[in-house]
$ cat work-v2.tsv   # TSV, C-alpha atoms
chain	number	residue	atom	x	y	z
A	193	MET	CA	9.87	-11.75	11.76
A	194	VAL	CA	9.05	-11.00	8.11
A	195	GLN	CA	9.79	-13.99	5.91
A	196	PRO	CA	11.53	-13.58	2.52
A	197	CYS	CA	9.55	-14.25	-0.64
A	198	PRO	CA	9.77	-17.89	-1.72
A	199	PHE	CA	11.81	-18.45	-4.88
A	200	VAL	CA	10.04	-20.52	-7.55
A	201	ASP	CA	12.13	-21.73	-10.50
A	202	VAL	CA	10.16	-23.21	-13.43
A	203	SER	CA	10.96	-24.50	-16.91
A	204	GLY	CA	9.48	-26.51	-19.78
A	205	SER	CA	6.27	-25.95	-21.74
A	206	PRO	CA	3.83	-23.24	-20.61
A	207	TYR	CA	1.62	-25.86	-18.96
A	208	GLU	CA	4.55	-27.56	-17.25
A	209	ARG	CA	5.93	-24.24	-16.00
A	210	GLY	CA	2.55	-23.41	-14.54
A	211	ARG	CA	2.21	-26.83	-12.93
A	212	GLN	CA	5.61	-26.43	-11.24
A	213	HIS	CA	4.61	-22.93	-10.02
A	214	GLY	CA	1.34	-24.14	-8.49
A	215	ALA	CA	2.91	-27.25	-6.93
A	216	ALA	CA	5.77	-25.25	-5.40
A	217	VAL	CA	3.60	-22.75	-3.48
A	218	PRO	CA	0.04	-24.14	-3.28
A	219	GLY	CA	-0.61	-22.42	0.05
A	220	ARG	CA	0.34	-19.03	-1.32
A	221	VAL	CA	-1.73	-19.58	-4.47
A	222	LYS	CA	-4.75	-20.40	-2.30
A	223	ARG	CA	-4.09	-17.30	-0.18
A	224	SER	CA	-4.09	-15.15	-3.35
A	225	ILE	CA	-7.44	-16.68	-4.30
A	226	GLU	CA	-8.77	-16.00	-0.78
A	227	LEU	CA	-7.84	-12.32	-1.01
A	228	TYR	CA	-9.71	-11.75	-4.29
A	229	GLY	CA	-12.13	-14.63	-4.75
A	230	GLY	CA	-14.93	-13.40	-2.48
A	231	GLN	CA	-15.51	-10.09	-4.24
A	232	LEU	CA	-17.86	-11.45	-6.88
A	233	GLY	CA	-19.98	-13.15	-4.24
A	234	GLU	CA	-20.28	-9.85	-2.40
A	235	LEU	CA	-21.66	-8.33	-5.61
A	236	GLY	CA	-24.40	-10.97	-5.78
A	237	TYR	CA	-22.85	-13.39	-8.28
A	238	ASP	CA	-23.67	-17.04	-7.68
A	239	ALA	CA	-21.26	-19.81	-8.74
A	240	ALA	CA	-22.70	-20.17	-12.25
A	241	ALA	CA	-22.70	-16.41	-12.93
A	242	LYS	CA	-19.18	-16.09	-11.57
A	243	SER	CA	-17.95	-18.92	-13.82
A	244	ALA	CA	-19.62	-17.40	-16.88
A	245	LEU	CA	-18.09	-13.97	-16.26
A	246	ILE	CA	-14.57	-15.26	-15.68
A	247	ALA	CA	-14.88	-17.55	-18.75
A	248	GLU	CA	-15.33	-14.43	-20.89
A	249	PHE	CA	-12.02	-13.10	-19.62
A	250	ALA	CA	-10.34	-16.47	-20.17
A	251	CYS	CA	-11.40	-16.29	-23.84
A	252	GLU	CA	-10.02	-12.76	-24.18
A	253	ILE	CA	-6.72	-13.79	-22.57
A	254	GLU	CA	-6.47	-16.81	-24.85
A	255	ALA	CA	-6.95	-14.53	-27.86
A	256	PHE	CA	-4.08	-12.35	-26.59
A	257	GLY	CA	-1.86	-15.42	-26.12
A	258	ALA	CA	-3.01	-19.05	-25.85
A	259	HIS	CA	0.11	-19.94	-23.85
A	260	TYR	CA	-1.03	-17.66	-21.01
A	261	ILE	CA	-4.12	-19.78	-20.43
A	262	GLU	CA	-2.02	-22.93	-20.69
A	263	GLU	CA	0.30	-21.62	-17.98
A	264	MET	CA	-2.67	-20.65	-15.80
A	265	ARG	CA	-4.17	-24.12	-16.30
A	266	GLY	CA	-0.87	-25.60	-15.13
A	267	ILE	CA	-0.86	-23.36	-12.03
A	268	ALA	CA	-4.41	-24.45	-11.23
A	269	ASP	CA	-3.59	-28.14	-11.61
A	270	GLY	CA	-0.34	-27.82	-9.64
A	271	ALA	CA	-2.05	-26.04	-6.74
A	272	GLY	CA	-5.23	-28.13	-6.90
A	273	VAL	CA	-7.60	-25.22	-7.57
A	274	PRO	CA	-10.07	-24.35	-10.37
A	275	LEU	CA	-8.69	-22.58	-13.46
A	276	GLU	CA	-11.24	-19.77	-13.04
A	277	ASP	CA	-9.65	-18.85	-9.71
A	278	ILE	CA	-6.26	-18.40	-11.39
A	279	VAL	CA	-7.82	-16.29	-14.16
A	280	MET	CA	-9.38	-14.15	-11.42
A	281	VAL	CA	-5.98	-13.61	-9.73
A	282	ASN	CA	-4.54	-12.41	-13.06
A	283	ALA	CA	-7.48	-10.23	-14.14
A	284	ARG	CA	-9.08	-9.19	-10.87
A	285	THR	CA	-9.26	-5.43	-11.52
A	286	GLU	CA	-10.93	-5.89	-14.88
A	287	VAL	CA	-13.24	-8.71	-13.71
A	288	ILE	CA	-14.52	-6.74	-10.71
A	289	ALA	CA	-15.06	-3.61	-12.79
A	290	LYS	CA	-17.11	-5.49	-15.39
A	291	ALA	CA	-19.06	-7.28	-12.65
A	292	LYS	CA	-20.00	-3.92	-11.15
A	293	LEU	CA	-21.02	-2.47	-14.50
A	294	LEU	CA	-23.28	-5.46	-15.15
A	295	LYS	CA	-24.88	-4.93	-11.72
A	296	ASN	CA	-25.19	-1.15	-12.26
A	297	THR	CA	-22.92	-0.63	-9.25
A	298	PRO	CA	-20.67	2.45	-9.44
A	299	ILE	CA	-17.07	1.40	-10.13
A	300	ALA	CA	-15.69	3.79	-7.52
A	301	GLU	CA	-17.99	2.55	-4.79
A	302	THR	CA	-16.02	0.38	-2.32
A	303	GLU	CA	-13.27	0.10	-4.94
A	304	GLU	CA	-9.80	-0.31	-3.46
A	305	LEU	CA	-6.58	1.25	-4.63
A	306	ASP	CA	-4.47	-1.22	-6.59
A	307	ASP	CA	-0.81	-0.89	-7.50
A	308	GLY	CA	-0.19	2.24	-5.49
A	309	CYS	CA	3.55	2.69	-5.54
A	310	THR	CA	6.55	4.91	-6.15
A	311	GLY	CA	8.93	3.86	-8.92
A	312	ALA	CA	12.28	5.15	-10.16
A	313	VAL	CA	14.98	4.51	-12.74
A	314	ILE	CA	18.57	5.70	-12.41
A	315	LEU	CA	20.19	5.90	-15.86
A	316	PRO	CA	23.86	5.02	-16.41
A	317	GLU	CA	24.95	8.70	-16.47
A	318	ARG	CA	23.67	9.08	-12.86
A	319	SER	CA	24.81	5.65	-11.67
A	320	ALA	CA	28.07	5.28	-9.73
A	321	SER	CA	28.65	1.92	-11.40
A	322	GLY	CA	27.72	3.18	-14.87
A	323	ALA	CA	24.91	0.62	-14.98
A	324	LEU	CA	21.16	1.26	-14.92
A	325	ILE	CA	19.17	0.70	-11.68
A	326	HIS	CA	15.37	0.29	-11.71
A	327	GLY	CA	13.13	-0.13	-8.66
A	328	GLN	CA	9.87	0.53	-6.88
A	329	ASN	CA	7.90	0.32	-3.65
A	330	TRP	CA	4.66	-1.61	-4.15
A	331	ASP	CA	1.79	-0.40	-1.91
A	332	TRP	CA	-1.25	-2.65	-1.60
A	333	LYS	CA	-2.88	-5.07	0.85
A	334	ALA	CA	-0.47	-5.85	3.71
A	335	GLU	CA	-1.62	-9.49	3.51
A	336	CYS	CA	0.04	-9.77	0.10
A	337	ALA	CA	3.33	-10.26	1.92
A	338	GLU	CA	1.82	-13.74	2.51
A	339	THR	CA	1.23	-14.31	-1.23
A	340	ALA	CA	4.28	-12.71	-2.87
A	341	ILE	CA	6.88	-14.88	-4.59
A	342	VAL	CA	9.81	-14.34	-6.93
A	343	LEU	CA	9.30	-16.44	-10.03
A	344	ARG	CA	12.07	-17.39	-12.46
A	345	VAL	CA	10.73	-18.66	-15.77
A	346	ARG	CA	13.22	-20.53	-17.92
A	347	ARG	CA	11.72	-20.34	-21.40
A	348	GLN	CA	12.33	-22.35	-24.55
A	349	ASP	CA	10.67	-19.67	-26.70
A	350	GLY	CA	12.37	-16.44	-25.61
A	351	PRO	CA	14.38	-14.76	-22.86
A	352	ASP	CA	14.22	-16.10	-19.31
A	353	ILE	CA	12.17	-13.99	-16.88
A	354	LEU	CA	12.54	-12.97	-13.23
A	355	THR	CA	9.36	-11.44	-11.77
A	356	PHE	CA	8.12	-10.39	-8.35
A	357	VAL	CA	4.47	-11.47	-8.37
A	358	GLU	CA	1.58	-12.71	-6.28
A	359	ALA	CA	1.45	-16.52	-6.28
A	360	GLY	CA	-0.79	-17.66	-9.13
A	361	GLY	CA	0.03	-14.59	-11.21
A	362	LEU	CA	2.05	-14.52	-14.42
A	363	ALA	CA	3.89	-11.23	-13.81
A	364	ARG	CA	3.99	-7.98	-11.87
A	365	CYS	CA	7.30	-6.11	-11.92
A	366	GLY	CA	10.42	-7.77	-13.21
A	367	MET	CA	13.24	-8.14	-15.70
A	368	ASN	CA	14.32	-10.54	-18.40
A	369	GLU	CA	17.47	-12.05	-19.82
A	370	ALA	CA	17.52	-9.42	-22.60
A	371	GLY	CA	17.94	-6.71	-19.92
A	372	ILE	CA	14.42	-5.28	-20.15
A	373	CYS	CA	12.78	-4.19	-16.87
A	374	ILE	CA	9.24	-3.10	-16.04
A	375	THR	CA	7.51	-1.61	-13.01
A	376	ALA	CA	3.97	-0.23	-12.87
A	377	ASN	CA	1.93	2.25	-10.83
A	378	TYR	CA	-1.78	2.84	-10.34
A	379	LEU	CA	-3.32	5.75	-12.27
A	380	GLU	CA	-6.96	6.67	-12.68
A	381	SER	CA	-8.90	8.73	-15.24
A	382	GLU	CA	-12.44	9.36	-16.41
A	383	ARG	CA	-11.82	7.02	-19.37
A	384	ASP	CA	-11.47	3.95	-17.14
A	385	PHE	CA	-13.77	0.98	-17.78
A	386	THR	CA	-15.39	2.52	-20.83
A	387	GLN	CA	-13.91	-0.14	-23.14
A	388	ALA	CA	-12.70	-3.73	-23.00
A	389	GLY	CA	-8.99	-4.33	-22.72
A	390	VAL	CA	-6.24	-6.83	-21.97
A	391	PRO	CA	-5.67	-7.35	-18.21
A	392	LEU	CA	-2.70	-5.32	-17.00
A	393	ALA	CA	-0.88	-8.37	-15.61
A	394	LEU	CA	-0.82	-9.93	-19.08
A	395	ILE	CA	0.61	-6.76	-20.65
A	396	ARG	CA	3.44	-6.81	-18.10
A	397	ARG	CA	4.12	-10.47	-18.86
A	398	LYS	CA	4.13	-9.73	-22.60
A	399	VAL	CA	6.76	-7.03	-21.99
A	400	LEU	CA	8.97	-9.51	-20.16
A	401	GLU	CA	8.73	-11.97	-23.05
A	402	GLN	CA	10.32	-9.54	-25.53
A	403	GLU	CA	13.88	-9.78	-26.85
A	404	HIS	CA	13.95	-6.09	-27.82
A	405	LEU	CA	12.83	-2.92	-26.04
A	406	ALA	CA	11.00	-1.72	-29.18
A	407	TYR	CA	8.54	-4.60	-28.88
A	408	ALA	CA	8.19	-4.05	-25.13
A	409	ILE	CA	7.24	-0.43	-25.85
A	410	LYS	CA	4.75	-1.64	-28.46
A	411	ALA	CA	3.11	-3.94	-25.90
A	412	VAL	CA	2.70	-1.11	-23.39
A	413	ALA	CA	1.80	1.75	-25.72
A	414	THR	CA	-0.55	0.02	-28.17
A	415	THR	CA	-2.35	-2.78	-26.28
A	416	PRO	CA	-5.93	-1.72	-25.43
A	417	LYS	CA	-6.58	-1.58	-21.69
A	418	ALA	CA	-9.74	-1.40	-19.59
A	419	CYS	CA	-8.23	1.06	-17.12
A	420	SER	CA	-5.40	3.54	-16.73
A	421	ASN	CA	-1.94	2.52	-15.53
A	422	ASN	CA	1.58	3.89	-15.43
A	423	MET	CA	4.27	1.58	-16.83
A	424	MET	CA	7.97	2.31	-16.57
A	425	LEU	CA	10.33	0.48	-18.96
A	426	SER	CA	14.10	0.34	-19.01
A	427	THR	CA	16.87	-1.51	-20.78
A	428	VAL	CA	20.35	-2.57	-19.70
A	429	ALA	CA	21.59	-0.72	-22.79
A	430	GLY	CA	20.99	2.54	-20.91
A	431	PHE	CA	17.56	3.93	-21.80
A	432	ALA	CA	14.30	4.28	-19.86
A	433	ILE	CA	10.86	5.63	-20.67
A	434	ASP	CA	7.65	5.99	-18.67
A	435	PHE	CA	4.18	5.64	-20.21
A	436	GLU	CA	1.16	7.17	-18.52
A	437	CYS	CA	-1.51	4.98	-20.09
A	438	ALA	CA	-5.18	5.77	-20.47
A	439	PRO	CA	-7.22	2.81	-21.77
A	440	ASP	CA	-6.92	4.03	-25.37
A	441	GLU	CA	-3.83	6.25	-25.39
A	442	ALA	CA	-0.29	6.29	-23.98
A	443	PHE	CA	1.68	9.42	-23.08
A	444	PRO	CA	5.49	9.10	-22.90
A	445	ILE	CA	7.65	10.75	-20.23
A	446	TYR	CA	11.40	10.86	-20.82
A	447	PRO	CA	14.18	10.91	-18.21
A	448	SER	CA	15.20	14.23	-16.70
A	449	GLU	CA	18.75	14.68	-15.36
A	450	GLY	CA	19.31	10.94	-15.60
A	451	LEU	CA	16.23	9.99	-13.57
A	452	ILE	CA	12.62	8.95	-13.96
A	453	VAL	CA	10.48	9.08	-10.81
A	454	HIS	CA	6.72	8.44	-10.80
A	455	ALA	CA	4.07	7.87	-8.15
A	456	ASN	CA	0.27	7.72	-8.63
A	457	HIS	CA	-0.81	10.98	-10.24
A	458	TRP	CA	-0.64	12.12	-13.86
A	459	VAL	CA	2.31	14.46	-14.52
A	460	GLY	CA	2.80	14.57	-18.30
A	461	GLN	CA	1.79	17.96	-19.69
A	462	VAL	CA	0.14	16.50	-22.79
A	463	ALA	CA	-1.79	13.98	-20.71
A	464	LEU	CA	-2.97	16.69	-18.33
A	465	THR	CA	-4.52	18.64	-21.22
A	466	LYS	CA	-6.56	15.57	-22.26
A	467	ILE	CA	-7.15	13.52	-19.10
A	468	ARG	CA	-9.00	14.22	-15.87
A	469	ASP	CA	-7.15	12.69	-12.93
A	470	THR	CA	-9.91	11.01	-10.92
A	471	GLY	CA	-7.55	9.19	-8.55
A	472	ILE	CA	-6.51	12.12	-6.38
A	473	PRO	CA	-9.04	11.37	-3.60
A	474	ARG	CA	-7.43	7.94	-3.16
A	475	VAL	CA	-3.77	8.96	-3.33
A	476	PRO	CA	-3.41	12.60	-2.25
A	477	GLU	CA	0.03	11.81	-0.81
A	478	SER	CA	1.26	10.89	-4.30
A	479	PHE	CA	2.07	14.55	-4.93
A	480	TYR	CA	4.85	14.55	-2.37
A	481	ARG	CA	5.96	10.93	-2.64
A	482	ASP	CA	7.59	11.33	-6.05
A	483	TRP	CA	8.93	14.76	-4.98
A	484	ARG	CA	10.57	13.19	-1.91
A	485	VAL	CA	12.21	10.37	-3.90
A	486	ARG	CA	13.63	12.77	-6.47
A	487	LYS	CA	14.76	15.21	-3.73
A	488	LEU	CA	16.57	12.48	-1.80
A	489	LEU	CA	18.24	11.14	-4.93
A	490	ASP	CA	19.38	14.61	-5.94
A	491	GLU	CA	20.73	15.26	-2.44
A	492	ALA	CA	22.70	12.00	-2.61
A	493	GLY	CA	24.86	13.50	-5.36
A	494	GLY	CA	25.65	13.27	-9.03
A	495	LYS	CA	26.48	9.56	-8.96
A	496	LEU	CA	24.00	7.22	-7.29
A	497	THR	CA	24.12	3.68	-5.92
A	498	VAL	CA	21.62	0.96	-5.07
A	499	ASP	CA	21.92	2.06	-1.44
A	500	ASP	CA	20.93	5.61	-2.44
A	501	LEU	CA	17.79	4.31	-4.13
A	502	LYS	CA	16.96	2.15	-1.11
A	503	HIS	CA	17.44	5.17	1.17
A	504	ALA	CA	14.97	7.18	-0.92
A	505	PHE	CA	12.43	4.34	-0.95
A	506	PHE	CA	12.74	3.89	2.84
A	507	ASP	CA	11.67	7.54	3.31
A	508	ASP	CA	9.13	7.98	6.14
A	509	PHE	CA	8.36	11.69	5.63
A	510	LEU	CA	4.74	12.29	6.82
A	511	THR	CA	4.34	8.64	7.79
A	512	PRO	CA	2.08	6.63	7.60
A	513	HIS	CA	1.17	8.36	4.31
A	514	SER	CA	4.76	8.10	3.15
A	515	VAL	CA	6.98	6.65	0.44
A	516	CYS	CA	7.57	3.65	2.71
A	517	ARG	CA	4.19	2.90	4.24
A	518	PRO	CA	3.81	0.88	7.47
A	519	PRO	CA	0.69	-1.30	7.74
A	520	ARG	CA	-2.34	0.92	8.43
A	521	LEU	CA	-6.08	0.89	7.86
A	522	ASN	CA	-7.08	2.61	4.64
A	523	ASP	CA	-10.33	4.39	3.80
A	524	THR	CA	-12.09	1.08	3.04
A	525	GLY	CA	-11.07	-0.46	6.38
A	526	ASN	CA	-8.45	-2.78	4.90
A	527	LEU	CA	-4.87	-3.06	6.06
A	528	SER	CA	-2.63	-1.29	3.54
A	529	ALA	CA	1.18	-1.17	3.45
A	530	THR	CA	4.26	-1.01	1.29
A	531	VAL	CA	4.20	-4.73	0.57
A	532	ALA	CA	7.68	-4.88	-0.91
A	533	MET	CA	10.66	-2.86	-2.09
A	534	VAL	CA	12.11	-4.21	-5.33
A	535	ILE	CA	15.47	-3.09	-6.77
A	536	MET	CA	16.69	-4.43	-10.15
A	537	GLU	CA	20.15	-4.30	-11.72
A	538	PRO	CA	19.74	-5.75	-15.22
A	539	ALA	CA	23.49	-5.73	-15.98
A	540	LYS	CA	23.92	-8.22	-13.12
A	541	GLY	CA	20.65	-10.04	-13.81
A	542	THR	CA	19.65	-9.51	-10.16
A	543	MET	CA	16.60	-8.34	-8.21
A	544	GLU	CA	16.69	-7.46	-4.51
A	545	VAL	CA	13.41	-7.72	-2.57
A	546	ALA	CA	12.53	-6.67	1.00
A	547	PRO	CA	8.97	-7.61	2.04
A	548	LEU	CA	7.17	-5.07	4.27
A	549	PRO	CA	10.18	-2.69	4.24
A	550	ALA	CA	8.71	-0.34	6.85
A	551	LEU	CA	9.10	-3.26	9.31
A	552	ASN	CA	11.95	-5.18	7.71
A	553	ARG	CA	15.23	-4.06	6.14
A	554	THR	CA	16.56	-7.47	5.13
A	555	PHE	CA	16.79	-8.01	1.38
A	556	THR	CA	17.07	-11.24	-0.55
A	557	ARG	CA	18.94	-11.11	-3.85
A	558	TYR	CA	17.35	-13.21	-6.60
A	559	SER	CA	19.03	-13.89	-9.92
A	560	LEU	CA	18.33	-14.96	-13.49
A	561	ARG	CA	21.24	-17.38	-13.10
A	562	ASP	CA	22.06	-18.10	-9.45
A	563	GLU	CA	20.30	-19.18	-6.26
A	564	PRO	CA	18.88	-16.56	-3.85
A	565	VAL	CA	21.20	-14.93	-1.28
A	566	THR	CA	20.17	-13.17	1.96
A	567	LEU	CA	21.88	-9.78	2.28
A	568	ALA	CA	22.95	-7.86	5.35
A	569	GLN	CA	20.22	-5.61	6.72
A	570	ALA	CA	20.07	-2.23	4.97
A	571	ALA	CA	21.36	0.72	6.98
A	572	GLU	CA	18.98	2.99	8.85
$ encode --input "work-v2.tsv" --output "structure tokens"
Amino acid sequence: MVQPCPFVDVSGSPYERGRQHGAAVPGRVKRSIELYGGQLGELGYDAAAKSALIAEFACEIEAFGAHYIEEMRGIADGAGVPLEDIVMVNARTEVIAKAKLLKNTPIAETEELDDGCTGAVILPERSASGALIHGQNWDWKAECAETAIVLRVRRQDGPDILTFVEAGGLARCGMNEAGICITANYLESERDFTQAGVPLALIRRKVLEQEHLAYAIKAVATTPKACSNNMMLSTVAGFAIDFECAPDEAFPIYPSEGLIVHANHWVGQVALTKIRDTGIPRVPESFYRDWRVRKLLDEAGGKLTVDDLKHAFFDDFLTPHSVCRPPRLNDTGNLSATVAMVIMEPAKGTMEVAPLPALNRTFTRYSLRDEPVTLAQAAE
């Protein structure tokens, strides 16, 4: 039986919030560290070299926002683990890439796909309720079902946050009290890892800290990144925009017929004239995943519901390389799956999450205000 994601509710200063997070789910924090901590050792880094490399990233994160390091320090103390392990959980993609560059190891060699997923936004004009719906399937290591949590951050310095995230992390996808939502998808280009940049997890957290969508857009579109990523933003007020981000440039995609759908390949016409999509060998099925989601939503009619979005995300066309991916070995020999389906309704302040949805159709509804509720199993 697939267990629901633990709900972690934190408040107070950044350090105190982190300490509560780490103390609430120490086992899951340690499992996150297990999944990513050994990679530097495999590249030949001893303890001192590993510490020195991660310390560089801690300094960069502190420059982006000192409170992020304070919160990570709290997580480390609460879970009884070193701070550098928490920094690694939050900056793993960037840390590993830099470690490989320093060792003259090709980035692509043995690199694993991160943040593969299919995301969608239904705007109010296509929503049966008249309210925006934003969701995604997150494809990654199947073991991350053992690390995932839903974290509610009650802040004294801005809107409260609800985020689906790996234990020890500050944010992944989520929404805030101001009605701003974010999901993100893996993209790849030839510009990746040619410059330093803020870790993607910290950009997502910065988005969720904003009171206004304009500042959330600024965080996504103007923050330097080390690697490409697709970030989809929406607001309860009834607008959504997708940014296909290269490390040094962001290309906007606007809704079409009341929808945005995006998987893991570049689709913007301007981007395609400037960027070479180097991720196709990893995610060839991306080309039909977003097509399938849009097709199923269009077939559901002019007015769509949460159940319609779930139905599209449960799609098993050409399984196991499908929108909803059952656990399977990937090209690197690791077990890959759709780790979770996440559906957000910012007008209600709620997020529904089903871990390992190819095996499990039971959702838990989490809220910015209320306690979690287990829902009836979604229909076949």
$ atom_distance --input "work-v2.tsv" --atom1 "CA of His259 in chain A" --atom2 "CA of Leu400 in chain A"
14.2 Å
$ residues_around --input "work-v2.tsv" --residues "range 237-249 of chain A" --least-positions-apart "4" --cutoff "8 Å" --atoms "all atoms listed in the file" --output "list in words"
Leu232, Gly233, Ile253, Glu276, Val279, Met280, Ala283, Val287 and Ala291 of chain A
$ write_last_selection --input "work-v2.tsv" --atoms "C-alpha atoms" --output "mmCIF file, in the coordinates of the input"
data_model
loop_
_atom_site.group_PDB
_atom_site.id
_atom_site.type_symbol
_atom_site.label_atom_id
_atom_site.label_comp_id
_atom_site.auth_asym_id
_atom_site.auth_seq_id
_atom_site.Cartn_x
_atom_site.Cartn_y
_atom_site.Cartn_z
ATOM 1 C CA LEU A 232 -17.860 -11.450 -6.880
ATOM 2 C CA GLY A 233 -19.980 -13.150 -4.240
ATOM 3 C CA ILE A 253 -6.720 -13.790 -22.570
ATOM 4 C CA GLU A 276 -11.240 -19.770 -13.040
ATOM 5 C CA VAL A 279 -7.820 -16.290 -14.160
ATOM 6 C CA MET A 280 -9.380 -14.150 -11.420
ATOM 7 C CA ALA A 283 -7.480 -10.230 -14.140
ATOM 8 C CA VAL A 287 -13.240 -8.710 -13.710
ATOM 9 C CA ALA A 291 -19.060 -7.280 -12.650
#
$ residues_around --input "work-v2.tsv" --residues "His213 in chain A" --least-positions-apart "2" --cutoff "12 Å" --atoms "only C-alpha atoms" --output "ChimeraX atom specification"
/A:198-204,206-211,215-221,263-272,278,341-346,357-362
$ residues_around --input "work-v2.tsv" --residues "range 467-483 of chain A" --least-positions-apart "4" --cutoff "9 Å" --atoms "only C-alpha atoms" --output "PyMOL selection string"
chain A and resi 304-305+308-312+378-383+438+453-458+462-463+487-488+507+509-510+513-515+523
$ residues_near_point --input "work-v2.tsv" --point "(21.3, -2.2, -10.2)" --cutoff "7 Å" --atoms "all atoms listed in the file" --output "list in words"
Ala323, Leu324, Ile325, His326, Val498, Ile535, Met536, Glu537 and Pro538 of chain A
